[in-house]
$ cat query_27.pdb   # PDB, C-alpha atoms and all ligand atoms
ATOM      1  CA  MET F 732      77.159  69.705 110.136
ATOM      2  CA  TYR F 733      73.551  68.737 110.783
ATOM      3  CA  PRO F 734      71.330  65.993 109.296
ATOM      4  CA  PHE F 735      69.583  66.710 105.995
ATOM      5  CA  ASP F 736      67.963  64.732 103.192
ATOM      6  CA  PHE F 737      69.710  64.405  99.843
ATOM      7  CA  THR F 738      68.394  63.365  96.463
ATOM      8  CA  ALA F 739      69.950  63.329  93.010
ATOM      9  CA  VAL F 740      67.665  63.949  90.033
ATOM     10  CA  SER F 741      68.190  63.209  86.365
ATOM     11  CA  THR F 742      65.300  65.077  84.738
ATOM     12  CA  VAL F 743      63.974  68.624  84.953
ATOM     13  CA  PRO F 744      60.478  67.506  86.112
ATOM     14  CA  GLU F 745      62.110  65.544  88.958
ATOM     15  CA  ALA F 746      64.100  68.619  89.913
ATOM     16  CA  LEU F 747      61.014  70.838  89.904
ATOM     17  CA  ALA F 748      59.115  68.326  92.023
ATOM     18  CA  ALA F 749      61.916  68.237  94.591
ATOM     19  CA  GLY F 750      62.223  72.025  94.481
ATOM     20  CA  GLY F 751      58.499  72.243  95.125
ATOM     21  CA  ARG F 752      59.037  70.261  98.330
ATOM     22  CA  GLY F 753      61.395  72.975  99.557
ATOM     23  CA  GLY F 754      64.575  71.427  98.178
ATOM     24  CA  ARG F 755      67.732  73.494  97.730
ATOM     25  CA  TYR F 756      69.404  72.894  94.391
ATOM     26  CA  ILE F 757      73.090  72.053  94.292
ATOM     27  CA  ALA F 758      75.314  71.571  91.234
ATOM     28  CA  GLY F 759      79.024  72.357  91.564
ATOM     29  CA  GLY F 760      78.521  72.908  95.281
ATOM     30  CA  THR F 761      81.254  75.531  95.513
ATOM     31  CA  THR F 762      79.091  77.944  97.509
ATOM     32  CA  LEU F 763      76.380  75.919  99.217
ATOM     33  CA  VAL F 764      78.657  73.327 100.798
ATOM     34  CA  ASP F 765      80.753  76.063 102.426
ATOM     35  CA  LEU F 766      77.649  77.763 103.765
ATOM     36  CA  MET F 767      76.280  74.495 105.137
ATOM     37  CA  ARG F 768      79.588  73.639 106.778
ATOM     38  CA  ASN F 769      79.597  76.846 108.777
ATOM     39  CA  SER F 770      75.827  76.678 109.469
ATOM     40  CA  VAL F 771      74.928  79.824 107.541
ATOM     41  CA  GLU F 772      72.530  77.719 105.490
ATOM     42  CA  GLN F 773      70.728  74.652 106.822
ATOM     43  CA  PRO F 774      68.431  73.274 104.112
ATOM     44  CA  ASP F 775      66.375  70.206 105.056
ATOM     45  CA  LEU F 776      66.565  68.816 101.521
ATOM     46  CA  VAL F 777      69.475  69.154  99.090
ATOM     47  CA  VAL F 778      68.740  68.323  95.453
ATOM     48  CA  ASP F 779      71.668  67.422  93.202
ATOM     49  CA  ILE F 780      70.860  68.742  89.733
ATOM     50  CA  SER F 781      74.312  68.251  88.222
ATOM     51  CA  ALA F 782      73.109  65.475  85.869
ATOM     52  CA  LEU F 783      70.461  67.633  84.156
ATOM     53  CA  PRO F 784      71.049  68.339  80.448
ATOM     54  CA  LEU F 785      71.612  72.072  80.886
ATOM     55  CA  ARG F 786      75.237  72.481  79.841
ATOM     56  CA  ASP F 787      75.021  73.564  76.213
ATOM     57  CA  VAL F 788      76.128  76.881  74.776
ATOM     58  CA  VAL F 789      74.103  77.630  71.636
ATOM     59  CA  VAL F 790      73.619  80.538  69.258
ATOM     60  CA  THR F 791      70.021  81.730  69.489
ATOM     61  CA  PRO F 792      67.814  82.290  66.409
ATOM     62  CA  GLY F 793      68.194  86.010  67.122
ATOM     63  CA  GLY F 794      71.996  85.764  66.934
ATOM     64  CA  GLY F 795      72.729  85.969  70.657
ATOM     65  CA  LEU F 796      74.126  83.261  72.917
ATOM     66  CA  ARG F 797      72.232  80.985  75.267
ATOM     67  CA  ILE F 798      74.411  79.465  77.977
ATOM     68  CA  GLY F 799      73.044  76.465  79.874
ATOM     69  CA  ALA F 800      72.843  77.033  83.616
ATOM     70  CA  LEU F 801      74.926  73.940  84.362
ATOM     71  CA  ALA F 802      77.762  74.778  81.989
ATOM     72  CA  THR F 803      80.906  75.133  84.073
ATOM     73  CA  MET F 804      82.749  78.427  84.341
ATOM     74  CA  SER F 805      85.834  76.910  82.712
ATOM     75  CA  ASP F 806      83.897  75.426  79.771
ATOM     76  CA  VAL F 807      82.142  78.719  79.054
ATOM     77  CA  ALA F 808      85.373  80.710  79.348
ATOM     78  CA  ALA F 809      86.989  78.349  76.818
ATOM     79  CA  ASP F 810      84.078  78.320  74.361
ATOM     80  CA  PRO F 811      85.268  79.916  71.078
ATOM     81  CA  ARG F 812      81.897  81.583  70.464
ATOM     82  CA  VAL F 813      82.078  83.275  73.859
ATOM     83  CA  ARG F 814      85.696  84.289  73.386
ATOM     84  CA  VAL F 815      85.075  85.767  69.938
ATOM     85  CA  THR F 816      81.734  87.508  70.436
ATOM     86  CA  TYR F 817      81.763  88.408  74.144
ATOM     87  CA  PRO F 818      85.349  88.346  75.476
ATOM     88  CA  VAL F 819      84.122  90.348  78.464
ATOM     89  CA  ILE F 820      82.396  87.171  79.671
ATOM     90  CA  ALA F 821      85.432  84.947  79.170
ATOM     91  CA  GLU F 822      87.671  87.459  80.947
ATOM     92  CA  ALA F 823      85.264  87.880  83.878
ATOM     93  CA  LEU F 824      85.146  84.113  84.302
ATOM     94  CA  GLU F 825      88.896  83.616  84.038
ATOM     95  CA  LEU F 826      89.529  86.306  86.644
ATOM     96  CA  SER F 827      87.183  84.551  89.090
ATOM     97  CA  ALA F 828      88.034  82.082  91.845
ATOM     98  CA  SER F 829      90.674  79.416  91.071
ATOM     99  CA  ALA F 830      91.079  76.930  88.217
ATOM    100  CA  GLN F 831      89.816  74.108  90.441
ATOM    101  CA  LEU F 832      86.704  76.049  91.405
ATOM    102  CA  ARG F 833      86.042  77.130  87.818
ATOM    103  CA  ASN F 834      86.094  73.477  86.772
ATOM    104  CA  MET F 835      83.321  72.689  89.256
ATOM    105  CA  ALA F 836      81.243  75.865  89.545
ATOM    106  CA  THR F 837      78.339  76.431  87.165
ATOM    107  CA  ILE F 838      76.973  79.541  85.510
ATOM    108  CA  GLY F 839      73.674  79.320  87.407
ATOM    109  CA  GLY F 840      75.453  78.851  90.702
ATOM    110  CA  ASN F 841      77.841  81.694  89.991
ATOM    111  CA  ILE F 842      75.110  84.292  89.638
ATOM    112  CA  MET F 843      73.304  82.899  92.700
ATOM    113  CA  GLN F 844      76.396  82.940  94.932
ATOM    114  CA  ARG F 845      76.032  84.767  98.205
ATOM    115  CA  THR F 846      78.031  87.641  99.584
ATOM    116  CA  ARG F 847      81.537  87.234 100.959
ATOM    117  CA  CYS F 848      80.842  89.690 103.791
ATOM    118  CA  ALA F 849      82.805  88.133 106.666
ATOM    119  CA  TYR F 850      80.054  88.932 109.156
ATOM    120  CA  PHE F 851      77.515  87.059 107.038
ATOM    121  CA  ARG F 852      79.656  83.923 107.311
ATOM    122  CA  ASP F 853      80.286  84.361 111.056
ATOM    123  CA  VAL F 854      77.176  83.043 112.769
ATOM    124  CA  THR F 855      78.113  84.817 116.014
ATOM    125  CA  ALA F 856      77.850  88.273 114.369
ATOM    126  CA  PRO F 857      74.622  90.230 113.834
ATOM    127  CA  CYS F 858      73.634  90.089 110.162
ATOM    128  CA  ASN F 859      70.299  91.123 108.685
ATOM    129  CA  LYS F 860      70.927  89.060 105.583
ATOM    130  CA  ARG F 861      71.483  85.821 107.510
ATOM    131  CA  GLU F 862      69.087  86.594 110.366
ATOM    132  CA  PRO F 863      66.607  89.377 109.514
ATOM    133  CA  GLY F 864      66.279  91.997 112.251
ATOM    134  CA  SER F 865      69.519  91.087 114.040
ATOM    135  CA  GLY F 866      71.461  94.140 112.815
ATOM    136  CA  CYS F 867      74.458  94.684 110.558
ATOM    137  CA  ALA F 868      77.903  94.209 112.046
ATOM    138  CA  ALA F 869      79.569  95.739 108.986
ATOM    139  CA  LEU F 870      78.043  99.201 109.456
ATOM    140  CA  GLU F 871      80.155  99.878 112.547
ATOM    141  CA  GLY F 872      82.735  97.185 111.863
ATOM    142  CA  TYR F 873      85.519  96.745 109.325
ATOM    143  CA  ASN F 874      83.914  97.606 106.010
ATOM    144  CA  ARG F 875      86.834  98.167 103.626
ATOM    145  CA  THR F 876      85.536  95.674 101.055
ATOM    146  CA  HIS F 877      81.867  96.602 101.324
ATOM    147  CA  ALA F 878      79.604  98.470  98.920
ATOM    148  CA  ILE F 879      79.356 102.190  98.224
ATOM    149  CA  LEU F 880      76.371 101.978  95.864
ATOM    150  CA  GLY F 881      72.898 100.517  96.412
ATOM    151  CA  THR F 882      73.396 100.224 100.162
ATOM    152  CA  SER F 883      70.767 100.588 102.875
ATOM    153  CA  ASP F 884      70.693 100.923 106.656
ATOM    154  CA  ALA F 885      70.080  97.170 106.744
ATOM    155  CA  CYS F 886      72.972  95.866 104.589
ATOM    156  CA  VAL F 887      76.069  97.104 102.759
ATOM    157  CA  ALA F 888      77.410  93.832 101.358
ATOM    158  CA  THR F 889      78.685  93.586  97.786
ATOM    159  CA  HIS F 890      77.608  90.942  95.316
ATOM    160  CA  PRO F 891      80.747  88.884  94.650
ATOM    161  CA  SER F 892      80.237  87.571  91.095
ATOM    162  CA  ASP F 893      82.439  88.876  88.271
ATOM    163  CA  LEU F 894      80.317  87.110  85.664
ATOM    164  CA  ALA F 895      77.231  88.938  86.924
ATOM    165  CA  VAL F 896      78.927  92.272  86.208
ATOM    166  CA  ALA F 897      79.534  91.263  82.595
ATOM    167  CA  LEU F 898      75.957  89.985  82.273
ATOM    168  CA  ALA F 899      74.599  93.232  83.720
ATOM    169  CA  ALA F 900      76.625  95.261  81.239
ATOM    170  CA  LEU F 901      75.430  93.163  78.282
ATOM    171  CA  GLU F 902      71.802  93.223  79.505
ATOM    172  CA  ALA F 903      71.481  89.472  79.638
ATOM    173  CA  ARG F 904      68.284  87.627  80.489
ATOM    174  CA  VAL F 905      67.840  84.746  82.926
ATOM    175  CA  HIS F 906      65.590  81.862  81.862
ATOM    176  CA  LEU F 907      63.710  80.026  84.609
ATOM    177  CA  LEU F 908      61.437  77.009  84.783
ATOM    178  CA  GLY F 909      58.980  76.564  87.625
ATOM    179  CA  PRO F 910      55.714  74.947  88.574
ATOM    180  CA  ASP F 911      53.882  77.690  86.670
ATOM    181  CA  GLY F 912      55.985  77.317  83.531
ATOM    182  CA  LYS F 913      58.721  79.425  81.953
ATOM    183  CA  ARG F 914      59.841  82.888  83.000
ATOM    184  CA  ARG F 915      62.450  85.206  81.583
ATOM    185  CA  ILE F 916      63.911  87.937  83.783
ATOM    186  CA  PRO F 917      66.076  90.832  82.580
ATOM    187  CA  PHE F 918      69.350  90.781  84.471
ATOM    188  CA  SER F 919      68.579  94.266  85.801
ATOM    189  CA  GLY F 920      65.734  92.717  87.823
ATOM    190  CA  PHE F 921      67.364  89.423  88.711
ATOM    191  CA  LEU F 922      69.476  90.476  91.705
ATOM    192  CA  LEU F 923      67.843  92.695  94.331
ATOM    193  CA  GLU F 924      69.253  95.627  96.256
ATOM    194  CA  PRO F 925      68.965  95.048 100.016
ATOM    195  CA  GLY F 926      66.529  97.808 101.005
ATOM    196  CA  THR F 927      64.826  96.703 104.213
ATOM    197  CA  THR F 928      64.909  93.020 103.233
ATOM    198  CA  PRO F 929      68.545  92.037 102.560
ATOM    199  CA  ASP F 930      67.643  88.373 103.012
ATOM    200  CA  ARG F 931      65.767  88.624  99.671
ATOM    201  CA  GLU F 932      68.660  88.550  97.193
ATOM    202  CA  HIS F 933      67.136  87.551  93.864
ATOM    203  CA  ALA F 934      63.906  87.238  91.914
ATOM    204  CA  VAL F 935      63.893  83.426  91.752
ATOM    205  CA  HIS F 936      60.874  81.837  93.429
ATOM    206  CA  GLN F 937      61.175  78.763  95.647
ATOM    207  CA  GLY F 938      61.199  75.699  93.420
ATOM    208  CA  GLU F 939      62.148  77.559  90.257
ATOM    209  CA  LEU F 940      65.165  76.342  88.360
ATOM    210  CA  ILE F 941      67.557  78.543  86.397
ATOM    211  CA  VAL F 942      67.890  76.812  83.038
ATOM    212  CA  ALA F 943      69.943  79.288  81.011
ATOM    213  CA  VAL F 944      71.377  82.763  80.670
ATOM    214  CA  GLU F 945      70.846  84.490  77.331
ATOM    215  CA  ILE F 946      73.004  87.275  75.987
ATOM    216  CA  PRO F 947      71.238  89.295  73.305
ATOM    217  CA  LEU F 948      72.720  90.067  69.940
ATOM    218  CA  LEU F 949      74.568  93.368  70.043
ATOM    219  CA  PRO F 950      75.857  95.313  67.034
ATOM    220  CA  ARG F 951      79.126  94.020  65.627
ATOM    221  CA  PRO F 952      81.997  94.481  65.647
ATOM    222  CA  LEU F 953      81.701  94.706  69.394
ATOM    223  CA  ARG F 954      84.856  95.188  71.433
ATOM    224  CA  SER F 955      84.585  94.185  75.063
ATOM    225  CA  GLY F 956      86.650  93.351  78.116
ATOM    226  CA  TYR F 957      86.718  93.060  81.891
ATOM    227  CA  LEU F 958      89.108  94.720  84.323
ATOM    228  CA  LYS F 959      89.299  93.517  87.917
ATOM    229  CA  VAL F 960      91.196  95.409  90.610
ATOM    230  CA  ARG F 961      91.935  93.417  93.765
ATOM    231  CA  ASP F 962      94.363  93.121  96.654
ATOM    232  CA  ARG F 963      96.243  90.223  95.039
ATOM    233  CA  GLN F 964      96.427  88.937  91.502
ATOM    234  CA  SER F 965      94.606  85.630  91.903
ATOM    235  CA  TYR F 966      91.886  83.968  93.934
ATOM    236  CA  GLU F 967      90.525  87.224  95.292
ATOM    237  CA  PHE F 968      87.308  89.194  94.999
ATOM    238  CA  ALA F 969      87.156  92.591  93.324
ATOM    239  CA  LEU F 970      87.696  95.858  95.136
ATOM    240  CA  THR F 971      86.431  97.401  91.922
ATOM    241  CA  SER F 972      85.845  96.048  88.440
ATOM    242  CA  ALA F 973      84.550  97.256  85.110
ATOM    243  CA  ALA F 974      82.835  95.411  82.265
ATOM    244  CA  VAL F 975      82.844  97.429  79.056
ATOM    245  CA  ALA F 976      81.482  96.714  75.559
ATOM    246  CA  LEU F 977      81.646  99.265  72.753
ATOM    247  CA  HIS F 978      80.509  99.340  69.137
ATOM    248  CA  VAL F 979      82.049 102.182  67.163
ATOM    249  CA  ARG F 980      80.631 103.044  63.754
ATOM    250  CA  GLY F 981      81.737 105.874  61.490
ATOM    251  CA  GLY F 982      84.118 107.164  64.134
ATOM    252  CA  ARG F 983      81.360 107.540  66.766
ATOM    253  CA  ILE F 984      80.308 105.322  69.649
ATOM    254  CA  HIS F 985      77.079 103.727  68.558
ATOM    255  CA  THR F 986      76.597 101.263  71.443
ATOM    256  CA  ALA F 987      78.047 101.419  74.962
ATOM    257  CA  LYS F 988      77.428  98.805  77.661
ATOM    258  CA  VAL F 989      79.153  99.416  80.975
ATOM    259  CA  ALA F 990      78.796  97.980  84.492
ATOM    260  CA  ALA F 991      80.904  97.940  87.640
ATOM    261  CA  GLY F 992      81.587  95.310  90.290
ATOM    262  CA  GLY F 993      82.998  95.325  93.806
ATOM    263  CA  VAL F 994      81.199  98.553  94.594
ATOM    264  CA  GLY F 995      77.479  97.763  94.567
ATOM    265  CA  THR F 996      75.137  95.569  96.535
ATOM    266  CA  VAL F 997      74.278  94.257  93.077
ATOM    267  CA  PRO F 998      76.284  94.484  89.829
ATOM    268  CA  TRP F 999      76.111  98.204  89.105
ATOM    269  CA  LYS F1000      74.940  99.229  85.645
ATOM    270  CA  LEU F1001      76.532 102.572  84.725
ATOM    271  CA  THR F1002      73.755 104.081  82.632
ATOM    272  CA  ALA F1003      75.011 107.655  82.993
ATOM    273  CA  VAL F1004      78.421 106.585  81.707
ATOM    274  CA  GLU F1005      76.819 104.791  78.751
ATOM    275  CA  ASN F1006      74.636 107.764  77.874
ATOM    276  CA  HIS F1007      77.596 110.133  77.995
ATOM    277  CA  LEU F1008      79.505 107.975  75.508
ATOM    278  CA  ILE F1009      76.790 107.492  72.890
ATOM    279  CA  GLY F1010      77.241 109.525  69.713
ATOM    280  CA  LYS F1011      80.700 110.818  70.589
ATOM    281  CA  ALA F1012      84.103 110.122  69.058
ATOM    282  CA  PRO F1013      86.498 108.057  71.207
ATOM    283  CA  SER F1014      89.129 110.179  72.925
ATOM    284  CA  GLU F1015      91.129 110.334  76.122
ATOM    285  CA  ALA F1016      89.020 113.258  77.309
ATOM    286  CA  LEU F1017      85.797 111.360  76.639
ATOM    287  CA  TRP F1018      86.892 108.356  78.710
ATOM    288  CA  ALA F1019      87.806 110.610  81.637
ATOM    289  CA  ASP F1020      84.596 112.627  81.472
ATOM    290  CA  ALA F1021      82.423 109.524  81.221
ATOM    291  CA  ALA F1022      84.261 107.686  84.014
ATOM    292  CA  ALA F1023      83.776 110.647  86.342
ATOM    293  CA  LEU F1024      80.062 109.805  86.266
ATOM    294  CA  ALA F1025      80.624 106.241  87.492
ATOM    295  CA  SER F1026      80.525 107.036  91.197
ATOM    296  CA  ALA F1027      77.399 109.215  91.148
ATOM    297  CA  GLY F1028      75.321 108.530  94.245
ATOM    298  CA  ALA F1029      78.112 106.714  96.099
ATOM    299  CA  SER F1030      77.874 106.546  99.904
ATOM    300  CA  PRO F1031      81.247 105.447 101.262
ATOM    301  CA  LEU F1032      81.576 103.874 104.703
ATOM    302  CA  GLU F1033      84.339 104.471 107.250
ATOM    303  CA  HIS F1034      86.935 102.233 105.591
ATOM    304  CA  ASN F1035      86.043 102.134 101.893
ATOM    305  CA  GLY F1036      86.160 105.782 100.774
ATOM    306  CA  PHE F1037      89.061 104.842  98.471
ATOM    307  CA  LYS F1038      86.612 102.940  96.270
ATOM    308  CA  VAL F1039      85.095 106.159  94.885
ATOM    309  CA  GLU F1040      88.241 107.252  93.053
ATOM    310  CA  LEU F1041      89.302 103.667  92.364
ATOM    311  CA  LEU F1042      85.981 103.006  90.633
ATOM    312  CA  GLU F1043      86.348 106.036  88.390
ATOM    313  CA  ARG F1044      89.929 105.086  87.506
ATOM    314  CA  THR F1045      88.950 101.472  86.842
ATOM    315  CA  VAL F1046      86.175 102.503  84.468
ATOM    316  CA  GLU F1047      88.374 105.076  82.717
ATOM    317  CA  ARG F1048      91.164 102.562  82.185
ATOM    318  CA  GLN F1049      88.855  99.919  80.804
ATOM    319  CA  LEU F1050      87.120 102.386  78.501
ATOM    320  CA  ARG F1051      90.547 103.326  77.181
ATOM    321  CA  VAL F1052      91.545  99.662  76.694
ATOM    322  CA  VAL F1053      88.319  98.614  74.973
ATOM    323  CA  GLY F1054      87.967 101.900  73.083
ATOM    324  CA  GLY F1055      91.409 101.427  71.602
ATOM    325  CA  THR F1056      92.964 104.806  72.366
ATOM    326  CA  ARG F1057      95.599 103.633  74.819
TER     327      ARG F1057
HETATM  328 FE1  LIG F1101      75.063  90.991 107.005
HETATM  329 FE2  LIG F1101      74.877  92.654 104.953
HETATM  330 FE3  LIG F1101      75.653  93.585 107.266
HETATM  331 FE4  LIG F1101      77.265  91.927 105.936
HETATM  332  S1  LIG F1101      76.669  93.956 105.291
HETATM  333  S2  LIG F1101      76.780  91.890 108.135
HETATM  334  S3  LIG F1101      75.768  90.611 104.908
HETATM  335  S4  LIG F1101      73.648  92.689 106.827
END
$ encode --input "query_27.pdb" --output "structure tokens"
Amino acid sequence: MYPFDFTAVSTVPEALAAGGRGGRYIAGGTTLVDLMRNSVEQPDLVVDISALPLRDVVVTPGGGLRIGALATMSDVAADPRVRVTYPVIAEALELSASAQLRNMATIGGNIMQRTRCAYFRDVTAPCNKREPGSGCAALEGYNRTHAILGTSDACVATHPSDLAVALAALEARVHLLGPDGKRRIPFSGFLLEPGTTPDREHAVHQGELIVAVEIPLLPRPLRSGYLKVRDRQSYEFALTSAAVALHVRGGRIHTAKVAAGGVGTVPWKLTAVENHLIGKAPSEALWADAAALASAGASPLEHNGFKVELLERTVERQLRVVGGTR
């Protein structure tokens, strides 16, 4: 470890002031403390925001859900409104991390968590995300768990959050507060593909505070769920995953929201799959045809070619489960 300043704040204005001085926010601490321990991150000022009143889950005037950024993963997963209206969120949360971590980790921290690429966390390895311009050890290294979609010559790391996949599928919005006031970012623009600047991972400005995530009202009844495929059944990140939400009316799919995890440098919205489903009657053939579109544009690396077929199978299975034809 190295010396750093620490302050705990109890109001949002205090947090913003500390953030404006270059402070790094910490709440549950389940990511940042690890990164500081192994010297991947070395903030000069750490700002404890865990006492801020940002834990509520409320129904919005528009009928959606607004989840406070400091609500814990376990509290949100257990919330009856989440479980009834958006089970895909509860399932994504419950399939994440461990019970102990879910009791500490917050919603805001979850979507801001950094990649689990082993080279990123090994400060002796070249890594453009940790040290811009140093290279990418994963490109020629062991890349079985890395991304096949949204990659660049600079970085091929996946985004590790399961919750973010569900939020991408449901087209959530992230609410921020900063020195210039409020901002609201669609989830599609919240996390950034690496391009030539993999060290830029999100659209949050220095000093801004995530205050909530809002899930819009979607037509009901809405069936949804999350499937996570991984090397072991608990405490493991996804090789592939699929978040699916479907509204069927009059025997036809009226609304389809689909995203994949474990395969993209950001949660991967499957727009082509969604478009293929709209207006059609649920059937085994439809799920297979739609899922075949999931891997369009994939660029496998030396060790992760298996993810192409696994992604398609994951999406097909979850469409079948949520669509009710299994
Ligand atoms: Fe770093 Fe990205 Fe390469 Fe991993 S994949 S070593 S995070 S640049």
$ resolve_selection --input "query_27.pdb" --expression "the PyMOL selection byres (((not hetatm)) within 8 of (chain F and resi 1101))" --output "MDAnalysis selection string"
chainID F and resid 846:851 856:861 866:870 877 885:889 929
$ resolve_selection --input "query_27.pdb" --expression "the PyMOL selection byres (((chain F and resi 978-980) around 9) and not hetatm)" --output "list in words"
Leu949, Pro950, Arg951, Pro952, Leu953, Arg954, Ser955, Ala976, Leu977, Gly981, Gly982, Arg983, Ile984, His985, Thr986, Ala987, Ala1012, Pro1013 and Gly1054 of chain F
$ resolve_selection --input "query_27.pdb" --expression "the PyMOL selection byres (((chain F and resi 1039) around 10) and not hetatm)" --output "count of residues only"
20
$ atom_distance --input "query_27.pdb" --atom1 "atom CA of Ile780 of chain F" --atom2 "atom CA of Ile842 of chain F"
16.1 Å
$ closest_residue --input "query_27.pdb" --among "F:Leu901, F:Asn769, F:Ala836, F:Leu747" --to "Lys913 of chain F" --atoms "all atoms listed in the file"
F:Leu747
$ residues_around --input "query_27.pdb" --residues "Thr791 of chain F" --least-positions-apart "4" --cutoff "9 Å" --atoms "all atoms listed in the file" --output "ChimeraX atom specification"
/F:795-797,945,947-948
$ closest_residue --input "query_27.pdb" --among "F:Gly793, F:Pro910, F:Gly993, F:Pro998" --to "Thr1045 of chain F" --atoms "all atoms listed in the file"
F:Gly993
$ closest_residue --input "query_27.pdb" --among "F:Asp853, F:Glu924, F:Asp1020, F:Glu932" --to "Thr882 of chain F" --atoms "all atoms listed in the file"
F:Glu924
$ atom_distance --input "query_27.pdb" --atom1 "atom CA of Gln937 of chain F" --atom2 "atom CA of Gly753 of chain F"
7.0 Å
$ closest_residue --input "query_27.pdb" --among "F:Trp999, F:Arg1048, F:Gln964, F:Val778" --to "Ala1016 of chain F" --atoms "all atoms listed in the file"
F:Arg1048
$ atom_distance --input "query_27.pdb" --atom1 "atom CA of Glu825 of chain F" --atom2 "atom CA of Gly995 of chain F"
21.0 Å
$ closest_residue --input "query_27.pdb" --among "F:Val944, F:Gly751, F:Glu1005, F:Gly938" --to "Phe921 of chain F" --atoms "only C-alpha atoms"
F:Val944
$ decode --input "query_27.pdb" --residues "segment 765-781 of chain F" --atoms "N, CA and C atoms" --output "CSV table (one decimal), in the first residue's frame"
chain,number,residue,atom,x,y,z
F,765,ASP,N,-9.3,-3.7,-3.7
F,765,ASP,CA,-8.5,-4.7,-4.3
F,765,ASP,C,-7.5,-4.0,-5.3
F,766,LEU,N,-8.0,-3.1,-6.0
F,766,LEU,CA,-7.1,-2.4,-7.0
F,766,LEU,C,-6.0,-1.6,-6.3
F,767,MET,N,-6.4,-1.0,-5.2
F,767,MET,CA,-5.3,-0.2,-4.5
F,767,MET,C,-4.3,-1.2,-3.8
F,768,ARG,N,-4.8,-2.3,-3.4
F,768,ARG,CA,-3.9,-3.2,-2.7
F,768,ARG,C,-2.8,-3.7,-3.7
F,769,ASN,N,-3.2,-4.0,-4.9
F,769,ASN,CA,-2.2,-4.4,-5.9
F,769,ASN,C,-1.6,-3.3,-6.8
F,770,SER,N,-1.8,-2.1,-6.3
F,770,SER,CA,-1.2,-0.9,-7.0
F,770,SER,C,-1.7,-0.6,-8.4
F,771,VAL,N,-2.8,-1.2,-8.8
F,771,VAL,CA,-3.4,-0.9,-10.1
F,771,VAL,C,-3.9,0.5,-10.1
F,772,GLU,N,-4.6,0.9,-8.9
F,772,GLU,CA,-5.1,2.2,-8.8
F,772,GLU,C,-4.4,2.9,-7.5
F,773,GLN,N,-4.0,4.1,-7.6
F,773,GLN,CA,-3.3,4.8,-6.5
F,773,GLN,C,-3.9,6.2,-6.3
F,774,PRO,N,-5.2,6.3,-6.0
F,774,PRO,CA,-5.8,7.7,-5.8
F,774,PRO,C,-5.1,8.4,-4.6
F,775,ASP,N,-5.0,9.7,-4.7
F,775,ASP,CA,-4.4,10.5,-3.6
F,775,ASP,C,-5.4,10.7,-2.5
F,776,LEU,N,-6.7,10.8,-3.0
F,776,LEU,CA,-7.8,11.1,-2.0
F,776,LEU,C,-8.9,10.1,-2.2
F,777,VAL,N,-9.3,9.4,-1.2
F,777,VAL,CA,-10.4,8.4,-1.2
F,777,VAL,C,-11.6,9.0,-0.4
F,778,VAL,N,-12.8,9.1,-1.1
F,778,VAL,CA,-13.9,9.7,-0.4
F,778,VAL,C,-15.0,8.7,-0.2
F,779,ASP,N,-15.3,8.4,1.1
F,779,ASP,CA,-16.3,7.4,1.5
F,779,ASP,C,-17.7,8.1,1.4
F,780,ILE,N,-18.4,7.5,0.4
F,780,ILE,CA,-19.8,8.1,0.2
F,780,ILE,C,-20.9,7.2,0.8
F,781,SER,N,-20.5,6.2,1.5
F,781,SER,CA,-21.5,5.1,1.9
F,781,SER,C,-22.6,5.6,2.8
